Amino acid sequence: MDLELFHTPGLGDSSYLLASGREAVLVDPQRDAWRFMEAARERGWRIRHVIETHVHNDYLSGALETNAATQAEIVAPARGRYEFEHRPVDEGDFVEIGGLRLTAWATPGHTPEHLAWVVSDLERSDVPTAVFSGGSLLVGSVGRTDLLGPALTDALTRDQQRTLQRLAELPASTKVLPTHGAGSFCSAGPPGTQRTTTIATEEFANPAMRLADADPEAFRAEALAGLGRVPGYYARMAAINRRGPRVLGRLILPDALDPAGFEAKAAAGATVVDARDRESFASGHIRGSLNIELASAFSGYVGWLVPFAEPVLLVLPDAPDALHEATTELLRIGYERIHGWLDGGIDAWAASGRPVATYATTTMRALGQEHAAGTSDGVLLDVR
């Protein structure tokens, strides 16, 4: 058995290529699936199946991208109500590649249709060795049960407890391969920094897993405690994933725009997202632009602050992969209307005679010195 894990830092999610011999399955791919297909080609693997654990709320699926390029069969939960061609499966259905069998377990809780996929070696009497747990069991946490609204939360929370009871029946050494992890808003609590785990580790260290056999009210309190808000774009993902995202075939980069062209598109209503670091933004930026640094939380904050499906313009940091990275992150969450990026950056904008806004910054050391000297006349507001 060969396993490749692909971590997507901006979303906190993982996708997997599992291979036996020359055959492979791709589990829970993000929309930019060409990276998974390239990895399979490099290793001489043929992707036979694309497997989904659930209808994702935090990213657009790359199942159709993979199918279009490789003709791999899409295998997805029958209760997911997918509208495109796929093989609908439920409890007990299975997929085989080489000497491996992946068996679907109904594991509702994070979503009603959720499936976990239990991996077993056919030469070892079908003993489970791993489970693709999707959002049903995470490292140190579980998937949220509130994302589909309050009407379903209680029922899904009860389902999640039963799901953990069932997963606990797997051998203690079983590898747990979750989709969601650190950085994902789909987690009910702070997940661990490790990407994978084992059943034994989770029974010892996972607060929700330890309460799997507890009173339902105690489990409910743990599962729903301290849940934060989620980005607004989440409400759009499931519907698009059920329809099937538009197949792109490759990463299509937006056009470079001179200051005049950039200004015209901004005036027409496009939101300007300045992806530079905050100090560069403070020293000079286009008035009215949003500063969302091209870092781990870039896509999440865009999905929070920019209305879904509205056009976006980019001001990029001076880094060779910035355009590729920003475009990819936005496509993963369905922001396709990227109308261009500012060629030459803020320097070109200023050189064209267009106004540049600035604001002052300081440091904690400077504030401390001012306070000690009695020269500080403002109120310090910490909004972290």
# chains A, B, ... in the order shown; residues from 1 in each chain; ligands from 1

$ select_by_dssp --residues "region 35-247 of chain A" --states "strand (DSSP E or B)" --output "mmCIF file with C-alpha atoms, in the first residue's frame"
data_model
loop_
_atom_site.group_PDB
_atom_site.id
_atom_site.type_symbol
_atom_site.label_atom_id
_atom_site.label_comp_id
_atom_site.auth_asym_id
_atom_site.auth_seq_id
_atom_site.Cartn_x
_atom_site.Cartn_y
_atom_site.Cartn_z
ATOM 1 C CA ARG A 46 -3.562 5.189 -12.750
ATOM 2 C CA ILE A 47 -6.354 6.914 -10.821
ATOM 3 C CA ARG A 48 -9.262 4.498 -11.092
ATOM 4 C CA HIS A 49 -11.684 6.124 -8.653
ATOM 5 C CA VAL A 50 -12.327 9.498 -7.033
ATOM 6 C CA ILE A 51 -13.919 8.974 -3.633
ATOM 7 C CA SER A 61 -14.444 19.432 -5.123
ATOM 8 C CA GLU A 73 -15.093 6.853 -11.688
ATOM 9 C CA ILE A 74 -16.580 9.276 -9.149
ATOM 10 C CA VAL A 75 -17.796 7.381 -6.078
ATOM 11 C CA ALA A 76 -19.898 9.506 -3.716
ATOM 12 C CA PRO A 77 -22.514 9.176 -0.957
ATOM 13 C CA ARG A 87 -21.585 5.902 -8.642
ATOM 14 C CA PRO A 88 -23.862 6.407 -5.611
ATOM 15 C CA VAL A 89 -22.833 4.289 -2.622
ATOM 16 C CA PHE A 94 -16.835 -1.073 -1.613
ATOM 17 C CA VAL A 95 -14.117 -0.218 -4.105
ATOM 18 C CA GLU A 96 -11.100 -2.403 -4.839
ATOM 19 C CA ILE A 97 -7.687 -1.463 -6.237
ATOM 20 C CA LEU A 100 -6.886 -3.306 -1.238
ATOM 21 C CA ARG A 101 -10.564 -2.921 -0.483
ATOM 22 C CA LEU A 102 -12.171 0.345 0.641
ATOM 23 C CA THR A 103 -15.534 -0.236 2.325
ATOM 24 C CA ALA A 104 -18.063 2.522 2.926
ATOM 25 C CA TRP A 105 -19.295 3.043 6.480
ATOM 26 C CA ALA A 106 -22.252 5.334 7.053
ATOM 27 C CA LEU A 115 -19.284 8.151 4.651
ATOM 28 C CA ALA A 116 -15.993 6.967 6.089
ATOM 29 C CA TRP A 117 -13.922 4.571 3.989
ATOM 30 C CA VAL A 118 -12.297 1.656 5.790
ATOM 31 C CA VAL A 119 -9.177 0.286 4.079
ATOM 32 C CA SER A 120 -8.285 -3.382 4.389
ATOM 33 C CA ASP A 121 -5.669 -5.666 2.853
ATOM 34 C CA VAL A 127 -8.337 -6.687 8.544
ATOM 35 C CA PRO A 128 -8.795 -2.869 8.638
ATOM 36 C CA THR A 129 -5.537 -0.944 8.462
ATOM 37 C CA ALA A 130 -6.740 2.624 7.842
ATOM 38 C CA VAL A 131 -9.866 4.739 7.627
ATOM 39 C CA PHE A 132 -10.476 7.852 5.551
ATOM 40 C CA SER A 133 -12.562 9.622 8.164
ATOM 41 C CA GLY A 134 -13.402 12.831 6.285
ATOM 42 C CA LEU A 138 -10.302 14.500 13.207
ATOM 43 C CA SER A 141 -11.496 16.813 17.484
ATOM 44 C CA GLY A 143 -16.336 17.671 12.504
ATOM 45 C CA LYS A 175 -4.575 4.816 10.858
ATOM 46 C CA VAL A 176 -7.043 7.705 10.859
ATOM 47 C CA LEU A 177 -6.772 9.832 7.713
ATOM 48 C CA PRO A 178 -9.076 12.864 8.107
ATOM 49 C CA HIS A 180 -10.299 18.395 7.862
ATOM 50 C CA SER A 187 -13.560 21.403 13.174
ATOM 51 C CA THR A 197 -3.500 9.826 13.804
ATOM 52 C CA THR A 198 -4.652 6.401 15.032
#

$ residues_around --residues "Ala182 (chain A)" --least-positions-apart "6" --cutoff "6 Å" --atoms "only C-alpha atoms" --output "PDB file with N, CA and C atoms, in the first residue's frame"
ATOM      1  N   GLY A  12      -6.750  24.181   5.578  1.00  0.00           N
ATOM      2  CA  GLY A  12      -6.557  23.218   6.655  1.00  0.00           C
ATOM      3  C   GLY A  12      -7.038  21.830   6.307  1.00  0.00           C
ATOM      4  N   PRO A 191      -8.173  21.399  16.542  1.00  0.00           N
ATOM      5  CA  PRO A 191      -7.580  20.123  16.150  1.00  0.00           C
ATOM      6  C   PRO A 191      -6.082  20.111  16.397  1.00  0.00           C
ATOM      7  N   THR A 193      -2.069  19.494  15.493  1.00  0.00           N
ATOM      8  CA  THR A 193      -1.268  19.945  14.358  1.00  0.00           C
ATOM      9  C   THR A 193      -0.855  18.801  13.450  1.00  0.00           C
TER      10      THR A 193
END

$ residues_around --residues "His324 (chain A)" --least-positions-apart "5" --cutoff "12 Å" --atoms "only C-alpha atoms" --output "short mmCIF file (atom, residue, chain, number, x, y, z; two decimals) with C-alpha atoms, in the first residue's frame"
data_model
loop_
_atom_site.label_atom_id
_atom_site.label_comp_id
_atom_site.auth_asym_id
_atom_site.auth_seq_id
_atom_site.Cartn_x
_atom_site.Cartn_y
_atom_site.Cartn_z
CA ASP A 32 -7.13 22.22 -8.33
CA ARG A 250 -6.03 23.81 -15.93
CA LEU A 251 -5.27 26.89 -13.86
CA ILE A 252 -6.36 29.93 -15.87
CA LEU A 253 -4.53 33.03 -14.69
CA PRO A 254 -6.12 36.50 -14.85
CA ASP A 255 -4.78 39.27 -17.07
CA LEU A 294 -1.44 36.19 0.94
CA LEU A 314 -5.63 41.77 -7.11
CA LEU A 316 0.04 41.23 -5.35
CA PRO A 317 3.20 40.99 -3.26
CA ALA A 319 6.91 37.15 -5.11
CA GLU A 329 -6.77 29.76 -3.45
CA LEU A 330 -9.68 31.78 -4.78
CA LEU A 331 -10.72 29.10 -7.28
CA TRP A 341 -4.06 42.11 -11.30
#

$ residues_around --residues "Glu336 (chain A)" --least-positions-apart "3" --cutoff "9 Å" --atoms "only C-alpha atoms" --output "number ranges by chain"
A: 309-312, 327, 330-331, 333, 339

$ write_last_selection --atoms "C-alpha atoms" --output "PDB file, in the first residue's frame"
ATOM      1  CA  ALA A 309     -19.435  35.691  -7.005  1.00  0.00           C
ATOM      2  CA  GLU A 310     -18.526  39.398  -7.072  1.00  0.00           C
ATOM      3  CA  PRO A 311     -15.570  40.406  -9.289  1.00  0.00           C
ATOM      4  CA  VAL A 312     -12.144  40.724  -7.683  1.00  0.00           C
ATOM      5  CA  THR A 327      -5.676  32.561  -8.093  1.00  0.00           C
ATOM      6  CA  LEU A 330      -9.679  31.783  -4.783  1.00  0.00           C
ATOM      7  CA  LEU A 331     -10.723  29.103  -7.277  1.00  0.00           C
ATOM      8  CA  ILE A 333     -13.623  28.441  -2.819  1.00  0.00           C
ATOM      9  CA  HIS A 339     -10.817  40.424 -13.387  1.00  0.00           C
TER      10      HIS A 339
END

$ closest_residue --among "A:Thr145, A:Ala168, A:Asp347, A:Ala267" --to "Glu202 (chain A)" --atoms "only C-alpha atoms"
A:Ala168

$ residues_around --residues "Phe281 (chain A)" --least-positions-apart "4" --cutoff "10 Å" --atoms "only C-alpha atoms" --output "CSV table (one decimal) with N, CA and C atoms, in the first residue's frame"
chain,number,residue,atom,x,y,z
A,274,ASP,N,-5.8,43.7,-1.8
A,274,ASP,CA,-4.4,43.9,-1.8
A,274,ASP,C,-3.8,42.8,-0.9
A,275,ALA,N,-3.0,41.9,-1.5
A,275,ALA,CA,-2.5,40.7,-0.9
A,275,ALA,C,-1.1,40.9,-0.3
A,276,ARG,N,-0.7,42.1,-0.2
A,276,ARG,CA,0.7,42.4,0.3
A,276,ARG,C,0.6,42.3,1.9
A,277,ASP,N,1.8,42.3,2.5
A,277,ASP,CA,1.8,42.3,3.9
A,277,ASP,C,1.3,43.6,4.5
A,285,HIS,N,-1.4,52.4,-0.5
A,285,HIS,CA,-2.4,51.5,-1.0
A,285,HIS,C,-3.4,52.2,-1.8
A,286,ILE,N,-4.2,51.5,-2.6
A,286,ILE,CA,-5.3,52.2,-3.3
A,286,ILE,C,-6.5,52.3,-2.3
A,289,SER,N,-9.3,49.7,-0.9
A,289,SER,CA,-9.0,48.3,-1.1
A,289,SER,C,-8.9,47.6,0.2
A,290,LEU,N,-9.1,46.3,0.1
A,290,LEU,CA,-9.0,45.4,1.3
A,290,LEU,C,-7.7,44.8,1.4
A,291,ASN,N,-7.1,44.9,2.6
A,291,ASN,CA,-5.8,44.2,2.8
A,291,ASN,C,-6.0,42.8,3.4
A,292,ILE,N,-5.8,41.8,2.6
A,292,ILE,CA,-5.9,40.4,3.0
A,292,ILE,C,-4.6,39.7,2.6
A,293,GLU,N,-3.7,39.6,3.6
A,293,GLU,CA,-2.3,39.1,3.2
A,293,GLU,C,-2.4,37.7,2.6
A,315,VAL,N,-4.0,43.2,-6.0
A,315,VAL,CA,-2.7,43.8,-5.9
A,315,VAL,C,-1.8,42.8,-5.2
A,317,PRO,N,1.8,40.8,-3.8
A,317,PRO,CA,3.2,41.0,-3.3
A,317,PRO,C,4.2,40.7,-4.3
A,346,ILE,N,1.8,48.8,-6.7
A,346,ILE,CA,1.4,50.1,-6.2
A,346,ILE,C,2.4,51.1,-6.7
A,357,ALA,N,-3.1,56.1,-0.7
A,357,ALA,CA,-3.5,56.3,0.7
A,357,ALA,C,-2.5,55.6,1.6
A,358,THR,N,-2.2,56.2,2.8
A,358,THR,CA,-1.3,55.7,3.8
A,358,THR,C,-1.9,55.8,5.2
A,359,TYR,N,-1.3,55.1,6.2
A,359,TYR,CA,-1.6,55.4,7.6
A,359,TYR,C,-0.4,55.0,8.4

$ residues_around --residues "His110 (chain A)" --least-positions-apart "6" --cutoff "7 Å" --atoms "only C-alpha atoms" --output "list of chain:residue names"
A:Gly135, A:Ser136, A:Gly143, A:Arg144, A:Thr145, A:Leu156, A:Gln160
